[in-house]
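Shown next: entry.txt, given as compact mmCIF, C-alpha atoms and all ligand atoms.
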```txt
# COMPACT_ATOMS: atom_id res chain seq x y z
CA MET A 319 1.05 -34.33 4.00
CA SER A 320 -2.22 -32.44 3.45
CA GLU A 321 -1.84 -28.67 3.25
CA ARG A 322 -3.98 -25.68 2.29
CA ALA A 323 -3.19 -23.74 -0.87
CA VAL A 324 -4.83 -21.23 -3.18
CA ARG A 325 -5.44 -22.80 -6.60
CA LEU A 326 -7.00 -21.57 -9.82
CA SER A 327 -8.02 -23.50 -12.91
CA GLN A 328 -8.63 -20.50 -15.18
CA ALA A 329 -7.75 -16.80 -15.39
CA GLY A 330 -10.35 -14.31 -14.18
CA GLY A 331 -11.52 -12.16 -11.27
CA PRO A 332 -10.68 -12.76 -7.59
CA GLU A 333 -13.37 -15.47 -7.44
CA VAL A 334 -11.25 -17.87 -9.53
CA MET A 335 -8.94 -18.28 -6.50
CA GLN A 336 -10.10 -21.23 -4.42
CA LEU A 337 -8.66 -22.60 -1.20
CA GLN A 338 -7.97 -26.32 -1.64
CA THR A 339 -6.36 -29.19 0.20
CA VAL A 340 -3.21 -30.29 -1.61
CA GLU A 341 -0.62 -32.99 -1.04
CA VAL A 342 2.92 -31.73 -0.41
CA GLY A 343 5.65 -34.36 -0.71
CA ASP A 344 9.29 -34.59 0.31
CA PRO A 345 11.92 -32.39 -1.36
CA GLY A 346 13.91 -33.90 -4.23
CA PRO A 347 17.58 -33.19 -4.99
CA GLY A 348 18.32 -29.47 -4.69
CA GLU A 349 14.96 -28.74 -3.07
CA ILE A 350 13.64 -27.87 0.39
CA ARG A 351 10.23 -28.00 2.02
CA ILE A 352 9.17 -24.83 3.80
CA ARG A 353 6.58 -24.59 6.57
CA GLN A 354 5.28 -21.23 5.47
CA LYS A 355 4.34 -18.48 7.92
CA ALA A 356 3.45 -15.63 5.55
CA ALA A 357 3.19 -14.93 1.81
CA GLY A 358 3.67 -11.56 0.13
CA LEU A 359 0.84 -10.01 -1.90
CA ASN A 360 2.11 -8.43 -5.12
CA TYR A 361 0.55 -6.70 -8.08
CA ILE A 362 2.19 -9.29 -10.35
CA ASP A 363 -0.12 -11.89 -8.70
CA ILE A 364 -3.02 -9.93 -10.17
CA TYR A 365 -1.51 -9.96 -13.66
CA GLN A 366 -1.09 -13.74 -13.36
CA ARG A 367 -4.55 -14.36 -11.88
CA SER A 368 -6.37 -12.15 -14.38
CA GLY A 369 -4.54 -13.36 -17.51
CA VAL A 370 -2.55 -10.18 -18.25
CA TYR A 371 0.42 -12.56 -17.87
CA ASN A 372 -0.34 -16.10 -19.07
CA ILE A 373 0.46 -18.92 -16.68
CA PRO A 374 -0.11 -22.66 -17.26
CA MET A 375 -3.38 -23.82 -15.63
CA PRO A 376 -4.28 -25.22 -13.18
CA SER A 377 -1.90 -23.23 -11.01
CA GLY A 378 -1.08 -21.97 -7.55
CA LEU A 379 -0.38 -18.28 -6.99
CA GLY A 380 2.18 -16.13 -5.18
CA LEU A 381 5.90 -15.48 -5.64
CA GLU A 382 7.08 -14.31 -2.23
CA GLY A 383 7.11 -15.94 1.19
CA ALA A 384 8.80 -16.68 4.49
CA GLY A 385 8.83 -19.60 6.88
CA VAL A 386 10.92 -22.37 8.40
CA VAL A 387 12.83 -25.11 6.56
CA GLU A 388 11.14 -28.41 7.39
CA ALA A 389 13.01 -30.86 5.15
CA VAL A 390 16.12 -30.65 2.98
CA GLY A 391 16.74 -32.61 -0.24
CA GLU A 392 19.97 -34.20 -1.39
CA GLY A 393 22.79 -31.84 -2.28
CA VAL A 394 21.46 -28.78 -0.43
CA THR A 395 24.29 -27.39 1.68
CA HIS A 396 23.44 -23.75 2.40
CA LEU A 397 20.22 -24.41 4.35
CA GLN A 398 19.32 -26.71 7.25
CA VAL A 399 16.13 -27.94 8.90
CA GLY A 400 14.94 -25.24 11.32
CA ASP A 401 16.40 -22.27 9.40
CA ARG A 402 14.19 -19.18 9.16
CA VAL A 403 14.06 -18.33 5.45
CA ALA A 404 12.50 -16.04 2.85
CA TYR A 405 12.34 -15.88 -0.94
CA ALA A 406 11.09 -14.08 -4.03
CA SER A 407 10.93 -16.67 -6.70
CA GLN A 408 9.32 -18.73 -9.35
CA PRO A 409 7.80 -21.33 -9.44
CA ILE A 410 4.44 -19.80 -8.56
CA GLY A 411 2.79 -21.11 -5.39
CA ALA A 412 3.56 -19.01 -2.30
CA TYR A 413 -0.11 -18.80 -1.19
CA ALA A 414 0.18 -22.16 0.62
CA THR A 415 0.78 -23.40 4.15
CA ALA A 416 3.74 -25.53 3.02
CA ARG A 417 5.60 -25.98 -0.26
CA VAL A 418 8.56 -27.68 -1.89
CA MET A 419 10.82 -25.40 -3.91
CA PRO A 420 14.36 -25.07 -5.31
CA ALA A 421 16.76 -24.25 -2.46
CA ARG A 422 18.85 -21.95 -4.67
CA CYS A 423 16.04 -19.36 -4.63
CA VAL A 424 15.85 -19.21 -0.83
CA VAL A 425 17.96 -17.21 1.64
CA ARG A 426 18.21 -17.13 5.44
CA LEU A 427 16.09 -14.42 7.05
CA PRO A 428 17.95 -12.30 9.64
CA ASP A 429 16.64 -12.91 13.20
CA SER A 430 15.80 -9.23 13.56
CA LEU A 431 13.09 -9.54 10.89
CA SER A 432 9.70 -11.18 11.42
CA PHE A 433 8.25 -13.70 8.96
CA GLU A 434 5.68 -11.08 7.96
CA GLN A 435 8.47 -8.61 7.18
CA GLY A 436 10.33 -11.32 5.25
CA ALA A 437 7.24 -12.02 3.16
CA ALA A 438 6.67 -8.29 2.62
CA MET A 439 10.20 -7.34 1.57
CA MET A 440 11.78 -9.94 -0.68
CA LEU A 441 10.08 -9.44 -4.04
CA LYS A 442 9.54 -5.73 -3.46
CA GLY A 443 12.91 -5.03 -1.83
CA LEU A 444 14.95 -7.02 -4.34
CA THR A 445 13.11 -5.15 -7.09
CA VAL A 446 14.15 -1.82 -5.59
CA GLN A 447 17.68 -3.20 -5.19
CA TYR A 448 18.05 -3.89 -8.90
CA LEU A 449 16.19 -0.71 -9.93
CA LEU A 450 18.25 1.74 -7.87
CA ARG A 451 21.57 -0.11 -7.78
CA LYS A 452 21.80 -1.88 -11.13
CA THR A 453 19.46 -0.21 -13.63
CA LEU A 454 21.49 2.92 -14.13
CA PRO A 455 21.60 5.73 -16.67
CA GLN A 456 24.68 6.67 -18.66
CA GLY A 457 27.26 7.91 -16.13
CA GLY A 458 25.38 6.33 -13.21
CA LEU A 459 23.33 7.96 -10.47
CA GLN A 460 24.90 10.43 -8.04
CA ALA A 461 23.62 11.97 -4.83
CA GLY A 462 21.56 15.01 -5.78
CA ASP A 463 20.21 13.53 -9.03
CA HIS A 464 16.48 13.79 -9.68
CA VAL A 465 14.55 10.59 -10.42
CA LEU A 466 10.81 10.08 -10.90
CA PHE A 467 9.10 7.09 -9.26
CA HIS A 468 5.45 6.35 -10.08
CA ALA A 469 2.99 4.69 -7.66
CA ALA A 470 5.41 5.61 -4.89
CA ALA A 471 3.03 4.83 -2.00
CA GLY A 472 2.71 1.15 -3.04
CA GLY A 473 4.64 -1.87 -1.83
CA VAL A 474 7.65 -1.39 -4.10
CA GLY A 475 7.22 2.38 -3.95
CA LEU A 476 7.61 2.94 -0.20
CA ILE A 477 10.82 0.90 -0.12
CA ALA A 478 12.09 2.87 -3.13
CA CYS A 479 11.37 6.24 -1.44
CA GLN A 480 13.43 5.24 1.61
CA TRP A 481 16.31 3.62 -0.29
CA ALA A 482 16.57 6.52 -2.75
CA LYS A 483 16.80 8.96 0.16
CA ALA A 484 19.56 6.83 1.73
CA LEU A 485 21.45 7.11 -1.58
CA GLY A 486 21.01 10.89 -1.61
CA LEU A 487 18.72 10.84 -4.65
CA ARG A 488 16.04 13.49 -5.03
CA LEU A 489 13.02 11.28 -5.65
CA ILE A 490 9.94 12.87 -7.17
CA ALA A 491 6.98 10.63 -6.30
CA THR A 492 3.62 10.23 -7.97
CA ALA A 493 0.60 8.67 -6.29
CA GLY A 494 -3.15 8.49 -6.76
CA SER A 495 -4.37 10.54 -3.78
CA ASP A 496 -3.23 13.32 -1.46
CA ALA A 497 -3.02 10.85 1.45
CA LYS A 498 -0.76 8.58 -0.62
CA CYS A 499 1.40 11.58 -1.54
CA GLN A 500 1.81 12.37 2.18
CA LEU A 501 2.91 8.80 2.80
CA ALA A 502 5.54 8.98 0.04
CA LEU A 503 6.86 12.23 1.54
CA GLN A 504 7.03 10.67 5.01
CA HIS A 505 9.11 7.85 3.52
CA GLY A 506 11.72 10.10 1.92
CA ALA A 507 10.36 11.46 -1.35
CA GLU A 508 11.43 15.06 -1.89
CA VAL A 509 8.26 16.07 -3.73
CA ALA A 510 5.02 14.17 -4.36
CA ILE A 511 2.55 14.75 -7.19
CA ASN A 512 -1.04 13.53 -7.13
CA TYR A 513 -1.23 12.36 -10.76
CA GLN A 514 -5.00 11.95 -10.57
CA ARG A 515 -5.31 15.71 -10.16
CA GLU A 516 -2.21 17.21 -11.77
CA ASN A 517 -0.31 16.78 -15.02
CA PHE A 518 2.80 15.10 -13.65
CA ALA A 519 4.98 15.86 -16.69
CA ASP A 520 4.33 19.61 -16.36
CA ARG A 521 5.07 19.49 -12.63
CA VAL A 522 8.31 17.54 -13.13
CA LYS A 523 9.54 20.14 -15.64
CA GLU A 524 8.73 22.88 -13.15
CA ILE A 525 10.44 21.09 -10.24
CA THR A 526 13.62 20.38 -12.23
CA GLY A 527 13.82 23.89 -13.70
CA GLY A 528 12.95 22.59 -17.19
CA GLU A 529 15.81 20.07 -17.28
CA GLY A 530 13.95 16.83 -16.55
CA VAL A 531 14.99 13.79 -14.51
CA LYS A 532 17.79 11.31 -15.16
CA VAL A 533 15.62 8.21 -14.67
CA VAL A 534 11.90 7.44 -14.64
CA TYR A 535 10.82 4.23 -12.85
CA ASP A 536 7.41 3.47 -14.33
CA SER A 537 5.34 0.49 -13.15
CA VAL A 538 2.00 2.07 -14.03
CA GLY A 539 2.39 1.48 -17.77
CA ALA A 540 -0.22 2.49 -20.32
CA SER A 541 -1.56 5.60 -18.59
CA THR A 542 1.83 7.13 -17.70
CA PHE A 543 4.30 5.94 -20.36
CA GLU A 544 4.07 8.90 -22.72
CA GLY A 545 4.17 11.47 -19.93
CA SER A 546 7.15 9.65 -18.42
CA LEU A 547 9.20 10.09 -21.61
CA ALA A 548 8.41 13.80 -21.49
CA CYS A 549 9.87 13.98 -17.94
CA LEU A 550 13.33 12.73 -18.99
CA ARG A 551 16.30 14.94 -19.63
CA ASN A 552 18.65 14.39 -22.57
CA PHE A 553 20.07 10.83 -22.60
CA GLY A 554 17.75 9.92 -19.70
CA LEU A 555 16.72 6.36 -18.90
CA MET A 556 13.14 5.13 -19.07
CA VAL A 557 12.66 2.04 -16.86
CA SER A 558 9.31 0.48 -17.69
CA PHE A 559 8.89 -2.30 -15.11
CA GLY A 560 5.16 -2.86 -14.77
CA ASN A 561 1.72 -2.21 -16.16
CA ALA A 562 -0.81 -1.67 -13.35
CA SER A 563 -2.93 0.53 -15.64
CA GLY A 564 -2.54 -1.71 -18.71
CA ILE A 565 0.18 -2.98 -21.04
CA VAL A 566 2.23 -0.25 -22.77
CA PRO A 567 1.37 -0.19 -26.51
CA PRO A 568 4.27 -0.73 -28.97
CA VAL A 569 6.64 2.24 -28.89
CA PRO A 570 8.26 3.56 -32.10
CA THR A 571 12.00 4.13 -31.72
CA SER A 572 11.34 7.66 -32.95
CA ALA A 573 9.73 8.33 -29.55
CA LEU A 574 13.25 8.19 -28.09
CA ALA A 575 14.96 10.20 -30.79
CA GLY A 576 14.54 13.84 -29.78
CA LYS A 577 16.44 13.46 -26.49
CA GLY A 578 18.54 10.36 -27.24
CA LEU A 579 16.67 8.42 -24.56
CA TYR A 580 17.37 4.89 -23.34
CA LEU A 581 14.53 2.45 -22.68
CA THR A 582 14.62 -0.80 -20.70
CA ARG A 583 11.94 -3.28 -19.62
CA PRO A 584 13.59 -5.32 -16.82
CA SER A 585 12.32 -8.21 -14.71
CA LEU A 586 13.44 -9.22 -11.21
CA PHE A 587 13.67 -12.87 -12.16
CA THR A 588 16.34 -12.20 -14.78
CA HIS A 589 18.46 -10.76 -11.96
CA LEU A 590 17.86 -13.78 -9.68
CA SER A 591 19.60 -16.10 -12.15
CA SER A 592 21.81 -17.95 -9.64
CA ARG A 593 22.02 -18.60 -5.91
CA GLU A 594 25.04 -16.31 -5.68
CA ALA A 595 23.27 -13.43 -7.45
CA THR A 596 20.19 -13.85 -5.26
CA GLN A 597 22.28 -13.91 -2.07
CA ALA A 598 24.28 -10.82 -3.09
CA MET A 599 21.12 -8.83 -3.78
CA ALA A 600 19.50 -10.06 -0.55
CA ASP A 601 22.63 -9.10 1.43
CA ASP A 602 22.44 -5.57 0.02
CA LEU A 603 18.74 -5.37 0.97
CA PHE A 604 19.25 -6.80 4.47
CA GLY A 605 22.15 -4.37 4.91
CA VAL A 606 20.14 -1.25 4.13
CA VAL A 607 17.36 -2.50 6.44
CA ALA A 608 19.87 -3.23 9.25
CA SER A 609 21.29 0.30 8.84
CA GLY A 610 17.85 1.70 9.68
CA HIS A 611 17.59 3.61 6.40
CA VAL A 612 14.84 1.34 5.08
CA LYS A 613 12.09 0.18 7.40
CA ILE A 614 9.93 -2.75 6.37
CA GLU A 615 6.38 -2.03 7.41
CA VAL A 616 3.55 -4.50 6.94
CA GLU A 617 0.48 -2.42 6.26
CA LYS A 618 -2.13 -5.15 6.31
CA GLN A 619 -2.27 -8.87 7.16
CA TYR A 620 -5.01 -11.12 5.78
CA PRO A 621 -5.83 -14.70 6.76
CA LEU A 622 -5.46 -17.11 3.83
CA GLU A 623 -9.27 -17.43 3.67
CA ALA A 624 -9.49 -13.70 2.82
CA VAL A 625 -7.31 -13.94 -0.30
CA GLN A 626 -10.12 -12.78 -2.62
CA GLN A 627 -10.64 -9.64 -0.52
CA ALA A 628 -6.89 -9.01 -0.49
CA HIS A 629 -6.86 -8.99 -4.31
CA ARG A 630 -9.93 -6.74 -4.48
CA ASP A 631 -8.21 -4.25 -2.18
CA MET A 632 -5.05 -4.19 -4.31
CA GLU A 633 -6.88 -3.86 -7.61
CA SER A 634 -9.09 -1.04 -6.37
CA ARG A 635 -5.96 0.99 -5.43
CA SER A 636 -7.07 1.12 -1.82
CA THR A 637 -3.85 -0.38 -0.42
CA THR A 638 -0.64 1.40 0.52
CA GLY A 639 2.72 -0.20 1.27
CA ALA A 640 3.01 -3.98 1.57
CA SER A 641 0.35 -6.53 2.58
CA VAL A 642 0.77 -10.21 3.39
CA LEU A 643 -1.27 -13.38 3.81
CA ARG A 644 -0.82 -15.05 7.20
CA LEU A 645 -0.37 -18.79 6.83
CA ASP A 646 -0.28 -20.27 10.33
P1 LIG A 701 1.46 -1.55 -5.63
O1 LIG A 701 1.26 -1.71 -4.17
O2 LIG A 701 2.36 -0.44 -6.08
O3 LIG A 701 0.07 -1.44 -6.36
C1 LIG A 701 -0.02 -0.96 -7.66
C2 LIG A 701 -0.30 0.55 -7.68
O4 LIG A 701 -0.33 1.00 -9.02
C3 LIG A 701 -1.64 0.96 -7.11
O5 LIG A 701 -1.67 1.01 -5.70
C4 LIG A 701 -1.83 2.31 -7.74
O6 LIG A 701 -1.23 3.33 -6.94
C5 LIG A 701 -1.05 2.20 -9.05
N1 LIG A 701 -1.94 2.28 -10.22
C6 LIG A 701 -1.91 3.23 -11.17
N2 LIG A 701 -2.88 3.04 -12.07
C7 LIG A 701 -3.56 1.94 -11.68
C8 LIG A 701 -4.69 1.25 -12.20
N3 LIG A 701 -5.33 1.67 -13.31
N4 LIG A 701 -5.14 0.16 -11.55
C9 LIG A 701 -4.52 -0.27 -10.43
N5 LIG A 701 -3.44 0.34 -9.88
C10 LIG A 701 -2.96 1.44 -10.50
O7 LIG A 701 2.01 -2.94 -6.23
P2 LIG A 701 3.42 -3.65 -6.02
O8 LIG A 701 4.23 -2.90 -5.03
O9 LIG A 701 3.17 -5.08 -5.84
O10 LIG A 701 4.10 -3.49 -7.45
C11 LIG A 701 4.31 -2.21 -8.02
C12 LIG A 701 4.51 -2.35 -9.50
O11 LIG A 701 5.81 -2.88 -9.75
C13 LIG A 701 3.53 -3.27 -10.22
O12 LIG A 701 3.16 -2.72 -11.45
C14 LIG A 701 4.34 -4.53 -10.41
O13 LIG A 701 3.91 -5.31 -11.45
C15 LIG A 701 5.72 -3.94 -10.66
N6 LIG A 701 6.79 -4.89 -10.37
C16 LIG A 701 7.67 -5.21 -11.37
C17 LIG A 701 8.72 -6.03 -11.14
C18 LIG A 701 9.72 -6.27 -12.20
O14 LIG A 701 10.79 -6.81 -11.92
N7 LIG A 701 9.47 -5.91 -13.45
C19 LIG A 701 8.92 -6.70 -9.84
C20 LIG A 701 7.98 -6.24 -8.83
C21 LIG A 701 6.94 -5.40 -9.11
P3 LIG A 701 -1.81 4.85 -7.05
O15 LIG A 701 -3.22 4.80 -6.60
O16 LIG A 701 -0.92 5.63 -6.17
O17 LIG A 701 -1.69 5.24 -8.50
```
Write out the structure in this file as structure tokens.
Amino acid sequence: MSERAVRLSQAGGPEVMQLQTVEVGDPGPGEIRIRQKAAGLNYIDIYQRSGVYNIPMPSGLGLEGAGVVEAVGEGVTHLQVGDRVAYASQPIGAYATARVMPARCVVRLPDSLSFEQGAAMMLKGLTVQYLLRKTLPQGGLQAGDHVLFHAAAGGVGLIACQWAKALGLRLIATAGSDAKCQLALQHGAEVAINYQRENFADRVKEITGGEGVKVVYDSVGASTFEGSLACLRNFGLMVSFGNASGIVPPVPTSALAGKGLYLTRPSLFTHLSSREATQAMADDLFGVVASGHVKIEVEKQYPLEAVQQAHRDMESRSTTGASVLRLD
């Protein structure tokens, strides 16, 4: 079967992504073939395309998608031909009209959600699931606790604002413009700081009456890391889960000493270690969406041919919320 897919043979700028015709075969044991309807666009795709994260070349791109099961390999029992499905998963290759992939990474998409929503919510929503529900400070998180969430108007960020509010957390957002701050507030942040204009660490101290927050969720990396540590209260938890502004330089343990801080650098894919774990996390996500507390909005849809523009938009910080590639 001839299909269209984004391929790259070397790391580099958006121009290294080329649309090619590829052959997609039948699924082997434990695999399914998906007729894809939409693929999620994620900042991690930029790290992989640009070489910040090394991937074996030549390669496809994309880790999140939704579509319909078209063929099922031997031994697959939880999915059938015709099922509407979604996933956030390795191997790389979601920017494609059809693909074969391990069935254990894929879950059924509730009928109430569109394919575009499925492709916009799995990687980002499952990330928020493990951040807010599993990556906890000493003593856990209770309603009323302050947390700081950077880049809160982004794809992961807008889901985090809503889910944190549902949990009763007092989320302090940062974002790169006043308009983005407004968006974070509309999605449930209690306060929003434009960190291009203001010193966010000073503002966080002020907002928390000098105490600091229990957890900082930092996906911005190099430019925010030091300030983030300053925002934590005693025994607080620093969650460094991305590096949109650059990789965080090595941190001496002495940087944690004054306040007895905890530091973790988690990855979604460690959490998605089995089909059962993936399903349990997806059920939690689908549940909070079904309750109405978290709405999955698709900010922008691009045709597959516009993939280079989609990456330029993300890298230039001009996007908010989640964007997808349309694949039909
Ligand atoms: P976003 O939509 O949040 O886009 C990234 C945002 O980072 C930008 O919009 C921008 O927001 C902010 N940013 C700050 N400094 C820079 C800079 N110098 N260059 C570019 N952007 C900058 O992306 P996603 O929702 O896809 O992902 C959010 C983050 O979460 C990413 O860093 C991603 O890698 C990470 N992530 C980590 C996972 C994990 O398990 N470890 C899983 C999923 C995502 P602003 O203008 O408001 O500053």
Might you pull out every residue within 10 Å of A:Val403, with only C-alpha atoms counted and same-chain residues fewer than 3 positions away left off, and present them as a PyMOL selection string?
chain A and resi 352-354+383-387+397+400+424-429+433+436-437
Return the padded bounding box of ligand LIG 701 (chain A) as lines of an AutoDock Vina configuration file: axis-aligned, built from all atoms listed in the file, 8 Å added on each side, with centre and edge lengths in Å to one decimal.
```
center_x = 2.7
center_y = -0.6
center_z = -8.8
size_x = 32.1
size_y = 28.4
size_z = 25.3
```
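Of the listed residues (A:Lys523, A:Arg593, A:Arg551, A:Lys498), A:Arg551 comes nearest to A:Leu574; the distances count all atoms listed in the file.
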Two-atom distance - atom CA of A:Val390, atom CA of A:Ala357 (Å):
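Separation of atom CA of A:Val390 and atom CA of A:Ala357: 20.4 Å.
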Closest of A:Arg322, A:His468, A:Arg521, A:Arg422 to ligand LIG 701 (chain A) - atom-to-atom distances counting all atoms listed in the file:
A:His468
Each residue of chain A lying at most 7 Å from ligand LIG 701 (chain A) should get a row with its shortest atom-to-atom pair and the distance in Å to one decimal, counting only C-alpha atoms and all ligand atoms; could you produce that, ordered by chain and increasing number, as a Markdown table?
```
| residue | atom | partner | partner_atom | distance |
| --- | --- | --- | --- | --- |
| A:Leu359 | CA | A:LIG701 | O9 | 6.7 |
| A:Asn360 | CA | A:LIG701 | O9 | 3.6 |
| A:Tyr361 | CA | A:LIG701 | O9 | 3.8 |
| A:Ile362 | CA | A:LIG701 | O13 | 4.5 |
| A:Leu441 | CA | A:LIG701 | C20 | 6.1 |
| A:Lys442 | CA | A:LIG701 | C20 | 5.6 |
| A:Thr445 | CA | A:LIG701 | C19 | 5.2 |
| A:Ala469 | CA | A:LIG701 | O16 | 4.3 |
| A:Ala470 | CA | A:LIG701 | O16 | 6.5 |
| A:Ala471 | CA | A:LIG701 | O16 | 5.8 |
| A:Gly472 | CA | A:LIG701 | O1 | 3.4 |
| A:Gly473 | CA | A:LIG701 | O8 | 3.4 |
| A:Val474 | CA | A:LIG701 | O8 | 3.9 |
| A:Gly475 | CA | A:LIG701 | O2 | 6.0 |
| A:Thr492 | CA | A:LIG701 | O16 | 6.7 |
| A:Ala493 | CA | A:LIG701 | O16 | 3.4 |
| A:Gly494 | CA | A:LIG701 | O16 | 3.7 |
| A:Ser495 | CA | A:LIG701 | O16 | 6.5 |
| A:Lys498 | CA | A:LIG701 | O16 | 6.3 |
| A:Ser537 | CA | A:LIG701 | O12 | 4.2 |
| A:Val538 | CA | A:LIG701 | C6 | 5.0 |
| A:Phe559 | CA | A:LIG701 | N7 | 4.0 |
| A:Gly560 | CA | A:LIG701 | O12 | 3.9 |
| A:Asn561 | CA | A:LIG701 | O12 | 5.0 |
| A:Ala562 | CA | A:LIG701 | O12 | 4.5 |
| A:Ser563 | CA | A:LIG701 | N3 | 3.5 |
| A:Gly564 | CA | A:LIG701 | N3 | 7.0 |
| A:Pro584 | CA | A:LIG701 | N7 | 5.4 |
| A:Ser585 | CA | A:LIG701 | O14 | 3.5 |
| A:Leu586 | CA | A:LIG701 | O14 | 3.7 |
| A:Phe587 | CA | A:LIG701 | O14 | 6.7 |
| A:Met632 | CA | A:LIG701 | O3 | 6.2 |
| A:Glu633 | CA | A:LIG701 | C9 | 5.1 |
| A:Ser634 | CA | A:LIG701 | C9 | 6.2 |
| A:Arg635 | CA | A:LIG701 | O5 | 4.3 |
| A:Ser636 | CA | A:LIG701 | O5 | 6.7 |
| A:Thr637 | CA | A:LIG701 | O5 | 5.9 |
| A:Thr638 | CA | A:LIG701 | O1 | 5.9 |
| A:Gly639 | CA | A:LIG701 | O1 | 5.8 |
| A:Ala640 | CA | A:LIG701 | O1 | 6.4 |
```
Which polymer residues, protein or nucleic acid, are no farther than 8 Å from (6.0, -26.5, 0.6), counting all atoms listed in the file, as a ChimeraX atom specification?
/A:342-343,350-354,414-419
For the point (17.5, -14.7, -5.2) in file coordinates, what residues are within 9 Å, counting all atoms listed in the file? Give the answer as a VMD selection string?
chain A and resid 405 to 407 422 to 425 440 444 587 589 to 600
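When atom CA of A:Pro332 is paired with atom CA of A:Ile364, their separation reads 8.6 Å.
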Gap from atom CA of A:Met335 to atom CA of A:Pro376 - Å, one decimal:
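Spanning atom CA of A:Met335 to atom CA of A:Pro376 is a straight-line distance of 10.7 Å.
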Within 6 Å of A:Leu555 using only C-alpha atoms, minus same-chain residues under 4 positions, as a ChimeraX atom specification:
/A:455,533,580-581
Go ahead and write the residues just picked, C-alpha atoms, as a short mmCIF file (atom, residue, chain, number, x, y, z; two decimals), keeping the file's coordinate frame.
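Resulting contents of selection_21.cif:
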```cif
data_model
loop_
_atom_site.label_atom_id
_atom_site.label_comp_id
_atom_site.auth_asym_id
_atom_site.auth_seq_id
_atom_site.Cartn_x
_atom_site.Cartn_y
_atom_site.Cartn_z
CA PRO A 455 21.60 5.73 -16.67
CA VAL A 533 15.62 8.21 -14.67
CA TYR A 580 17.37 4.89 -23.34
CA LEU A 581 14.53 2.45 -22.68
#
```
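If only C-alpha atoms are the atoms counted, then among A:Ala540, A:Val625, A:Cys499, A:Ala608 the closest residue to A:Ile565 is A:Ala540.
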Which residues, written as a list in words, have at least one atom at most 12 Å from A:Asn372, with only C-alpha atoms counted and residues fewer than 6 positions away on the same chain left out?
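Those residues are Gln328, Ala329, Gly330, Ile362, Asp363, Ile364, Tyr365 and Gln366 of chain A.
Neighbouring residues of A:Ile614 at 8 Å or closer, counting only C-alpha atoms and skipping chain neighbours under 3 positions away, are Gln435, Ala438, Met439, Ile477 and Val607 of chain A.
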So, with only C-alpha atoms as the atoms that count, which of A:Pro345, A:Pro568, A:Gly443, A:Gly411 lies closest to A:Val399?
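Nearest to A:Val399: A:Pro345.
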Counting only C-alpha atoms, the residue among A:Pro409, A:Gly393, A:Glu388, A:Ser430 that lies closest to A:Phe604 is A:Ser430
So, with only C-alpha atoms as the atoms that count, which of A:Ala624, A:Leu454, A:Ala484, A:Leu466 lies closest to A:Val324?
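Comparing A:Ala624, A:Leu454, A:Ala484, A:Leu466 against A:Val324, the winner is A:Ala624.
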